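Shown next, in structure tokens, is the structure this report addresses.
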Amino acid sequence: MKAKIDDNMLDVLKELANIGVGNAVTSLSQMLGEERINMDVPVATLIPLQDVPDLLGGGEVAVAGVYIKSTGDMDLTILFVLSLDSAANLIKSLLPGANGEMDEMGTSVLVEVGNILTASYLNALSMMADLRLLPSPPQLAVDMSGAIISTAMAENYLIQDEVVLLRTTLSTQERRIDGNIFILPDSDTLGKTFTLLLGSG
Amino acid sequence: MDNDIIKVKIADLAVKREPGIIVTIGLGSCVGIALYDPVNRIGGLAHILLSDSAQFRGRGTSINKAKFADTAIPFMAREMERIGARRQHFLAKIAGGSKLFPNNNISVGEKNVEAVIRTLKEMGIAIRGQDVGGNYGRTMRLFVDSGKVLISTVGKGEKEL
């Protein structure tokens, strides 16, 4: 089934993202110890596939990306992307005494944060929309942002030349962590999902 | 903006007569295919996302030829011929097709590389250089005056093909 994506659909997706990301940020705030975390209202957009790799400053910038694929009633890809500086600051915040390097401990911290953020997001989505969502174990890659985003898209065999993208940026003042959460719903399952959500095709 | 540098996006391709550079950045599981006619000094670079267009046909959407290995390479060859290249001179250099996320069962990158090699073979175009696989991303630059291809990475240095 091919979903016809309209503004109405984007609004619903945005609302779902809002709730999901709100939950995720609360979890992150608890991990970091009551720290205030700023979160932008998620943006839901339909953008040309070709422009996606440039979303994070040029495509060649090295970033840390945690990738999670969720299947079930709706196929989603979730990417939690941090600049290398932010990744180092996040590791240092959660692992006292660490130098912030991307060693075994450091990478497992990032994977775990990705895991918790994603689980909170998916729980909220699952509860609100009554969808069964089955996330895969998170995976980390440290590489060019364009390579990370395009690989995540290719893993989904994206058919359309435009993709639905939900994006939230979050930042902490004290520890200087800036992150991006990208959610790529599989366009093939969007139609199915909206039938479930809204009770009509 | 420098007219002599053409940027190829994802699921995109460009062809050019010398001089200048065609570049595509951030190849992960995607594959970059450089075709070059050294006699006429005409080059082309494609950045494909997926291996096979067949499974996406007949869905009511028109196909972006540059997105798939099996459609991008023949299309790029024709575009090069249109600006004066001759197919019997063509040689190819390919890069990308890596597996950035190690635990995924299906390797899109591997499938992409296989499809590119198969398509080039069917077209009778020899592969003169390749830098494929691994678990890291690549940027690919084709120098149209010489046919030289430069691969750069994050933390893994540069390589000439």
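Following the order of the structure tokens, chains are lettered A, B, ..., residues in each are numbered from 1, and ligands are numbered from 1.
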Residues of chain A within 7 Å of chain B, only C-alpha atoms counted, as a PyMOL selection string: chain A and resi 50+59-60+62+139-141+143-148+150-151+154-155+159
Would you export the selected residues with N, CA and C atoms as a CSV table (one decimal), in the first residue's frame, please?
```
chain,number,residue,atom,x,y,z
A,50,GLN,N,17.1,13.2,-1.3
A,50,GLN,CA,18.5,13.7,-1.6
A,50,GLN,C,19.0,14.7,-0.6
A,59,GLY,N,27.1,16.6,5.6
A,59,GLY,CA,27.2,15.1,5.2
A,59,GLY,C,28.6,14.5,5.5
A,60,GLU,N,29.6,15.3,5.5
A,60,GLU,CA,31.0,14.8,5.7
A,60,GLU,C,31.5,14.9,7.1
A,62,ALA,N,32.0,14.2,10.9
A,62,ALA,CA,32.0,13.0,11.7
A,62,ALA,C,31.0,13.2,12.9
A,139,GLN,N,22.5,0.1,17.7
A,139,GLN,CA,23.8,-0.1,17.1
A,139,GLN,C,24.4,1.3,17.0
A,140,LEU,N,25.7,1.3,17.2
A,140,LEU,CA,26.4,2.6,17.1
A,140,LEU,C,27.4,2.7,15.9
A,141,ALA,N,27.4,3.8,15.3
A,141,ALA,CA,28.4,4.0,14.3
A,141,ALA,C,29.0,5.4,14.5
A,143,ASP,N,30.9,8.0,12.3
A,143,ASP,CA,31.3,8.2,10.9
A,143,ASP,C,30.7,9.5,10.3
A,144,MET,N,30.9,9.6,9.0
A,144,MET,CA,30.3,10.8,8.3
A,144,MET,C,28.8,10.8,8.5
A,145,SER,N,28.2,12.0,8.8
A,145,SER,CA,26.8,12.0,9.1
A,145,SER,C,26.0,11.5,7.8
A,146,GLY,N,26.5,11.9,6.7
A,146,GLY,CA,25.8,11.5,5.4
A,146,GLY,C,25.7,10.0,5.3
A,147,ALA,N,26.9,9.3,5.6
A,147,ALA,CA,26.9,7.9,5.5
A,147,ALA,C,26.0,7.2,6.5
A,148,ILE,N,25.9,7.8,7.7
A,148,ILE,CA,25.1,7.2,8.7
A,148,ILE,C,23.6,7.3,8.3
A,150,SER,N,22.3,8.0,5.3
A,150,SER,CA,21.8,7.3,4.1
A,150,SER,C,21.8,5.8,4.3
A,151,THR,N,22.7,5.3,5.1
A,151,THR,CA,22.7,3.8,5.4
A,151,THR,C,21.4,3.4,6.1
A,154,ALA,N,18.8,3.3,3.5
A,154,ALA,CA,18.9,2.2,2.6
A,154,ALA,C,18.5,0.9,3.3
A,155,GLU,N,18.7,0.8,4.6
A,155,GLU,CA,18.3,-0.4,5.3
A,155,GLU,C,16.8,-0.6,5.3
A,159,ILE,N,11.3,3.6,-0.8
A,159,ILE,CA,10.8,3.5,-2.1
A,159,ILE,C,10.6,4.9,-2.7
```
If you run DSSP on the backbone here, which positions in stretch 39-183 of chain A get strand (DSSP E or B)? Please write them as an MDAnalysis selection string. chainID A and resid 39 43:48 62:72 76:83 133:135 139:144 162:172 177:183
Written file, previous selection with N, CA and C atoms, as a short mmCIF file (atom, residue, chain, number, x, y, z; two decimals), in the first residue's frame:
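The resulting again-v8.cif:
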```cif
data_model
loop_
_atom_site.label_atom_id
_atom_site.label_comp_id
_atom_site.auth_asym_id
_atom_site.auth_seq_id
_atom_site.Cartn_x
_atom_site.Cartn_y
_atom_site.Cartn_z
N MET A 39 14.23 21.10 24.80
CA MET A 39 13.83 20.29 23.67
C MET A 39 13.00 21.14 22.72
N VAL A 43 9.71 18.57 14.59
CA VAL A 43 9.27 19.02 13.28
C VAL A 43 9.00 17.79 12.42
N ALA A 44 7.83 17.77 11.83
CA ALA A 44 7.51 16.68 10.91
C ALA A 44 7.51 17.24 9.50
N THR A 45 8.36 16.72 8.67
CA THR A 45 8.44 17.25 7.32
C THR A 45 8.52 16.13 6.29
N LEU A 46 8.13 16.48 5.12
CA LEU A 46 8.27 15.59 3.99
C LEU A 46 9.39 16.21 3.17
N ILE A 47 10.54 15.56 3.13
CA ILE A 47 11.65 16.19 2.43
C ILE A 47 12.22 15.27 1.37
N PRO A 48 12.82 15.87 0.34
CA PRO A 48 13.42 15.04 -0.69
C PRO A 48 14.52 14.16 -0.09
N ALA A 62 31.98 14.23 10.94
CA ALA A 62 31.95 13.01 11.74
C ALA A 62 30.99 13.17 12.91
N VAL A 63 30.12 12.21 13.09
CA VAL A 63 29.16 12.22 14.18
C VAL A 63 29.06 10.82 14.79
N ALA A 64 28.41 10.76 15.96
CA ALA A 64 28.09 9.46 16.55
C ALA A 64 26.61 9.23 16.34
N GLY A 65 26.26 8.10 15.79
CA GLY A 65 24.85 7.81 15.52
C GLY A 65 24.44 6.47 16.11
N VAL A 66 23.36 6.48 16.90
CA VAL A 66 22.80 5.22 17.41
C VAL A 66 21.57 4.92 16.57
N TYR A 67 21.55 3.73 16.03
CA TYR A 67 20.52 3.33 15.07
C TYR A 67 19.66 2.23 15.67
N ILE A 68 18.35 2.43 15.63
CA ILE A 68 17.44 1.39 16.10
C ILE A 68 16.32 1.23 15.09
N LYS A 69 16.05 0.01 14.78
CA LYS A 69 14.96 -0.28 13.83
C LYS A 69 13.84 -0.90 14.65
N SER A 70 12.64 -0.43 14.44
CA SER A 70 11.52 -1.02 15.14
C SER A 70 10.53 -1.58 14.14
N THR A 71 10.11 -2.80 14.38
CA THR A 71 9.11 -3.42 13.52
C THR A 71 7.83 -3.65 14.33
N GLY A 72 6.92 -4.39 13.79
CA GLY A 72 5.64 -4.59 14.47
C GLY A 72 4.54 -3.98 13.65
N LEU A 76 9.65 1.61 11.87
CA LEU A 76 10.27 2.91 12.13
C LEU A 76 11.78 2.73 12.22
N THR A 77 12.49 3.73 11.77
CA THR A 77 13.92 3.76 12.05
C THR A 77 14.17 4.97 12.93
N ILE A 78 14.89 4.77 13.99
CA ILE A 78 15.19 5.88 14.89
C ILE A 78 16.70 6.06 14.93
N LEU A 79 17.10 7.30 14.74
CA LEU A 79 18.53 7.63 14.80
C LEU A 79 18.72 8.71 15.84
N PHE A 80 19.62 8.46 16.75
CA PHE A 80 19.99 9.47 17.74
C PHE A 80 21.40 9.90 17.38
N VAL A 81 21.53 11.15 16.96
CA VAL A 81 22.80 11.61 16.41
C VAL A 81 23.39 12.74 17.25
N LEU A 82 24.65 12.60 17.56
CA LEU A 82 25.36 13.58 18.37
C LEU A 82 26.64 13.99 17.67
N SER A 83 27.02 15.25 17.85
CA SER A 83 28.35 15.64 17.39
C SER A 83 29.37 14.92 18.28
N LEU A 133 5.05 -2.35 18.96
CA LEU A 133 6.33 -1.94 18.36
C LEU A 133 7.45 -2.79 18.93
N LEU A 134 8.26 -3.33 18.07
CA LEU A 134 9.31 -4.26 18.50
C LEU A 134 10.69 -3.74 18.09
N PRO A 135 11.35 -3.02 18.99
CA PRO A 135 12.65 -2.45 18.62
C PRO A 135 13.77 -3.49 18.60
N GLN A 139 22.47 0.05 17.67
CA GLN A 139 23.82 -0.08 17.14
C GLN A 139 24.43 1.29 16.95
N LEU A 140 25.71 1.34 17.19
CA LEU A 140 26.41 2.63 17.12
C LEU A 140 27.37 2.67 15.95
N ALA A 141 27.39 3.80 15.27
CA ALA A 141 28.42 4.03 14.27
C ALA A 141 28.97 5.43 14.47
N VAL A 142 30.27 5.56 14.37
CA VAL A 142 30.90 6.88 14.42
C VAL A 142 31.50 7.11 13.04
N ASP A 143 30.88 8.01 12.29
CA ASP A 143 31.33 8.18 10.91
C ASP A 143 30.73 9.46 10.32
N MET A 144 30.89 9.64 9.01
CA MET A 144 30.32 10.79 8.32
C MET A 144 28.80 10.79 8.50
N GLU A 162 10.62 11.00 -1.59
CA GLU A 162 10.49 11.96 -0.48
C GLU A 162 10.31 11.14 0.78
N VAL A 163 10.91 11.57 1.85
CA VAL A 163 10.76 10.81 3.08
C VAL A 163 10.12 11.67 4.17
N VAL A 164 9.35 10.98 5.01
CA VAL A 164 8.79 11.65 6.17
C VAL A 164 9.86 11.62 7.25
N LEU A 165 10.12 12.77 7.80
CA LEU A 165 11.19 12.85 8.78
C LEU A 165 10.70 13.64 9.98
N LEU A 166 10.87 13.04 11.15
CA LEU A 166 10.57 13.76 12.37
C LEU A 166 11.89 14.08 13.03
N ARG A 167 12.06 15.34 13.36
CA ARG A 167 13.35 15.73 13.92
C ARG A 167 13.15 16.56 15.19
N THR A 168 13.91 16.23 16.19
CA THR A 168 13.92 17.00 17.42
C THR A 168 15.34 17.29 17.79
N THR A 169 15.60 18.49 18.21
CA THR A 169 16.93 18.76 18.73
C THR A 169 16.80 18.97 20.22
N LEU A 170 17.77 18.50 20.95
CA LEU A 170 17.75 18.72 22.38
C LEU A 170 19.11 19.21 22.81
N SER A 171 19.12 19.96 23.89
CA SER A 171 20.40 20.48 24.35
C SER A 171 20.40 20.66 25.85
N THR A 172 21.53 20.46 26.46
CA THR A 172 21.69 20.74 27.88
C THR A 172 22.64 21.90 27.99
N ILE A 177 25.55 19.36 25.61
CA ILE A 177 25.22 18.20 24.80
C ILE A 177 24.11 18.61 23.83
N ASP A 178 24.36 18.50 22.55
CA ASP A 178 23.34 18.79 21.55
C ASP A 178 23.08 17.51 20.78
N GLY A 179 21.84 17.13 20.73
CA GLY A 179 21.52 15.89 20.04
C GLY A 179 20.38 16.07 19.07
N ASN A 180 20.30 15.18 18.14
CA ASN A 180 19.20 15.15 17.18
C ASN A 180 18.56 13.78 17.22
N ILE A 181 17.25 13.77 17.30
CA ILE A 181 16.55 12.49 17.16
C ILE A 181 15.81 12.52 15.84
N PHE A 182 16.15 11.61 14.96
CA PHE A 182 15.46 11.49 13.68
C PHE A 182 14.60 10.25 13.70
N ILE A 183 13.37 10.41 13.27
CA ILE A 183 12.52 9.25 13.14
C ILE A 183 12.07 9.15 11.69
#
```
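Using only C-alpha atoms, the residues found no farther than 10 Å from B:Val39, other than those of its own chain fewer than 5 positions away, are Ala85, Arg86, His89 and Phe90 of chain B.
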Would you put the residues from that selection into a file with all heavy atoms, as a PDB file, in the first residue's frame?
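part01.pdb was written with the following content:
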```pdb
ATOM      1  N   ALA B  85      31.467  11.066 -25.191  1.00  0.00           N
ATOM      2  CA  ALA B  85      32.262   9.914 -24.765  1.00  0.00           C
ATOM      3  C   ALA B  85      31.925   8.705 -25.632  1.00  0.00           C
ATOM      4  O   ALA B  85      30.857   8.644 -26.246  1.00  0.00           O
ATOM      5  CB  ALA B  85      31.971   9.603 -23.296  1.00  0.00           C
ATOM      6  N   ARG B  86      32.874   7.776 -25.705  1.00  0.00           N
ATOM      7  CA  ARG B  86      32.653   6.551 -26.483  1.00  0.00           C
ATOM      8  C   ARG B  86      32.725   5.356 -25.544  1.00  0.00           C
ATOM      9  O   ARG B  86      33.672   5.206 -24.780  1.00  0.00           O
ATOM     10  CB  ARG B  86      33.731   6.406 -27.565  1.00  0.00           C
ATOM     11  CG  ARG B  86      33.770   7.553 -28.559  1.00  0.00           C
ATOM     12  CD  ARG B  86      32.599   7.507 -29.530  1.00  0.00           C
ATOM     13  NE  ARG B  86      32.584   6.280 -30.327  1.00  0.00           N
ATOM     14  CZ  ARG B  86      33.286   6.119 -31.446  1.00  0.00           C
ATOM     15  NH1 ARG B  86      34.066   7.074 -31.897  1.00  0.00           N
ATOM     16  NH2 ARG B  86      33.220   4.983 -32.104  1.00  0.00           N
ATOM     17  N   HIS B  89      35.734   2.955 -24.663  1.00  0.00           N
ATOM     18  CA  HIS B  89      36.846   3.423 -23.830  1.00  0.00           C
ATOM     19  C   HIS B  89      36.539   3.343 -22.332  1.00  0.00           C
ATOM     20  O   HIS B  89      37.432   3.546 -21.512  1.00  0.00           O
ATOM     21  CB  HIS B  89      37.175   4.892 -24.149  1.00  0.00           C
ATOM     22  CG  HIS B  89      37.478   5.144 -25.588  1.00  0.00           C
ATOM     23  ND1 HIS B  89      38.354   4.360 -26.306  1.00  0.00           N
ATOM     24  CD2 HIS B  89      37.034   6.100 -26.450  1.00  0.00           C
ATOM     25  CE1 HIS B  89      38.421   4.822 -27.556  1.00  0.00           C
ATOM     26  NE2 HIS B  89      37.627   5.870 -27.661  1.00  0.00           N
ATOM     27  N   PHE B  90      35.278   3.112 -21.991  1.00  0.00           N
ATOM     28  CA  PHE B  90      34.873   3.263 -20.586  1.00  0.00           C
ATOM     29  C   PHE B  90      35.635   2.336 -19.650  1.00  0.00           C
ATOM     30  O   PHE B  90      35.826   1.160 -19.928  1.00  0.00           O
ATOM     31  CB  PHE B  90      33.373   2.964 -20.415  1.00  0.00           C
ATOM     32  CG  PHE B  90      32.467   4.080 -20.867  1.00  0.00           C
ATOM     33  CD1 PHE B  90      32.971   5.212 -21.479  1.00  0.00           C
ATOM     34  CD2 PHE B  90      31.092   3.988 -20.667  1.00  0.00           C
ATOM     35  CE1 PHE B  90      32.126   6.230 -21.905  1.00  0.00           C
ATOM     36  CE2 PHE B  90      30.241   4.997 -21.089  1.00  0.00           C
ATOM     37  CZ  PHE B  90      30.759   6.118 -21.705  1.00  0.00           C
TER      38      PHE B  90
END
```
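Taking atom CA of A:Ile149 as the reference point, atom CA of B:Gly44 is found at 24.1 Å.
Closest approach to B:Ile42 from the set B:Ile94, B:Val113, B:Leu150, B:Met76 is made by B:Met76, with distances taken over only C-alpha atoms.
With atom CA of B:Val149 on one side and atom CA of B:Gly84 on the other, the separation reads 21.0 Å.
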Can you list, as a VMD selection string, all residues belonging to chain B that DSSP tags as helix (DSSP H, G or I)? chain B and resid 54 to 56 65 to 67 69 to 82 87 to 89 108 to 122
Calculate how many Å separate atom CA of B:Ala34 from atom CA of A:Pro53, rounding to one decimal. 20.2 Å
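When only C-alpha atoms are used to measure the gap to B:Glu81, the shortest distance among B:Val116, B:Ile22, B:Ala54, B:Leu35 belongs to B:Leu35.
In this comparison, which uses only C-alpha atoms, the residue of B:Val144, B:Met123, B:Val132, B:Ile117 approaching B:Gly20 most closely is B:Val144.
Minimum atom-to-atom distances from B:Ala92, B:Ile127, B:Leu161, B:Leu120 to B:Tyr36 were compared using only C-alpha atoms, and the lowest value belongs to B:Ala92.
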Skipping near chain neighbours, those fewer than 6 positions away, what residues fall within 8 Å of B:Leu13 using only C-alpha atoms, listed as a PyMOL selection string? chain B and resi 44-47+66+72+76
Please produce an output containing all heavy atoms for each residue in the selection, written as a PDB file, in the first residue's frame.
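Saved as again-v2.pdb:
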```
ATOM      1  N   GLY B  44      31.888  10.447 -15.361  1.00  0.00           N
ATOM      2  CA  GLY B  44      30.574  10.482 -14.723  1.00  0.00           C
ATOM      3  C   GLY B  44      30.675   9.853 -13.352  1.00  0.00           C
ATOM      4  O   GLY B  44      31.507   8.974 -13.123  1.00  0.00           O
ATOM      5  N   LEU B  45      29.850  10.346 -12.438  1.00  0.00           N
ATOM      6  CA  LEU B  45      29.840   9.783 -11.086  1.00  0.00           C
ATOM      7  C   LEU B  45      28.391   9.626 -10.634  1.00  0.00           C
ATOM      8  O   LEU B  45      27.589  10.554 -10.756  1.00  0.00           O
ATOM      9  CB  LEU B  45      30.605  10.702 -10.129  1.00  0.00           C
ATOM     10  CG  LEU B  45      30.817  10.215  -8.692  1.00  0.00           C
ATOM     11  CD1 LEU B  45      31.692   8.965  -8.647  1.00  0.00           C
ATOM     12  CD2 LEU B  45      31.450  11.302  -7.835  1.00  0.00           C
ATOM     13  N   ALA B  46      28.075   8.419 -10.138  1.00  0.00           N
ATOM     14  CA  ALA B  46      26.728   8.148  -9.640  1.00  0.00           C
ATOM     15  C   ALA B  46      26.806   7.709  -8.183  1.00  0.00           C
ATOM     16  O   ALA B  46      27.787   7.097  -7.767  1.00  0.00           O
ATOM     17  CB  ALA B  46      26.062   7.051 -10.473  1.00  0.00           C
ATOM     18  N   HIS B  47      25.770   8.037  -7.418  1.00  0.00           N
ATOM     19  CA  HIS B  47      25.686   7.659  -5.998  1.00  0.00           C
ATOM     20  C   HIS B  47      24.383   6.883  -5.819  1.00  0.00           C
ATOM     21  O   HIS B  47      23.316   7.479  -5.718  1.00  0.00           O
ATOM     22  CB  HIS B  47      25.704   8.939  -5.151  1.00  0.00           C
ATOM     23  CG  HIS B  47      25.659   8.726  -3.666  1.00  0.00           C
ATOM     24  ND1 HIS B  47      26.320   9.559  -2.798  1.00  0.00           N
ATOM     25  CD2 HIS B  47      25.037   7.816  -2.884  1.00  0.00           C
ATOM     26  CE1 HIS B  47      26.115   9.159  -1.543  1.00  0.00           C
ATOM     27  NE2 HIS B  47      25.324   8.104  -1.576  1.00  0.00           N
ATOM     28  N   ALA B  66      18.701   7.292 -11.003  1.00  0.00           N
ATOM     29  CA  ALA B  66      19.992   7.411 -10.324  1.00  0.00           C
ATOM     30  C   ALA B  66      20.009   6.716  -8.963  1.00  0.00           C
ATOM     31  O   ALA B  66      21.039   6.634  -8.315  1.00  0.00           O
ATOM     32  CB  ALA B  66      20.355   8.884 -10.150  1.00  0.00           C
ATOM     33  N   ALA B  72      21.023   3.220 -12.854  1.00  0.00           N
ATOM     34  CA  ALA B  72      21.895   4.404 -12.843  1.00  0.00           C
ATOM     35  C   ALA B  72      23.070   4.264 -13.820  1.00  0.00           C
ATOM     36  O   ALA B  72      23.406   5.212 -14.528  1.00  0.00           O
ATOM     37  CB  ALA B  72      22.430   4.654 -11.432  1.00  0.00           C
ATOM     38  N   MET B  76      23.804   6.694 -16.896  1.00  0.00           N
ATOM     39  CA  MET B  76      24.979   7.566 -16.854  1.00  0.00           C
ATOM     40  C   MET B  76      25.848   7.355 -18.104  1.00  0.00           C
ATOM     41  O   MET B  76      26.377   8.324 -18.662  1.00  0.00           O
ATOM     42  CB  MET B  76      25.799   7.297 -15.589  1.00  0.00           C
ATOM     43  CG  MET B  76      27.017   8.197 -15.438  1.00  0.00           C
ATOM     44  SD  MET B  76      27.650   8.236 -13.753  1.00  0.00           S
ATOM     45  CE  MET B  76      28.325   6.591 -13.590  1.00  0.00           C
TER      46      MET B  76
END
```
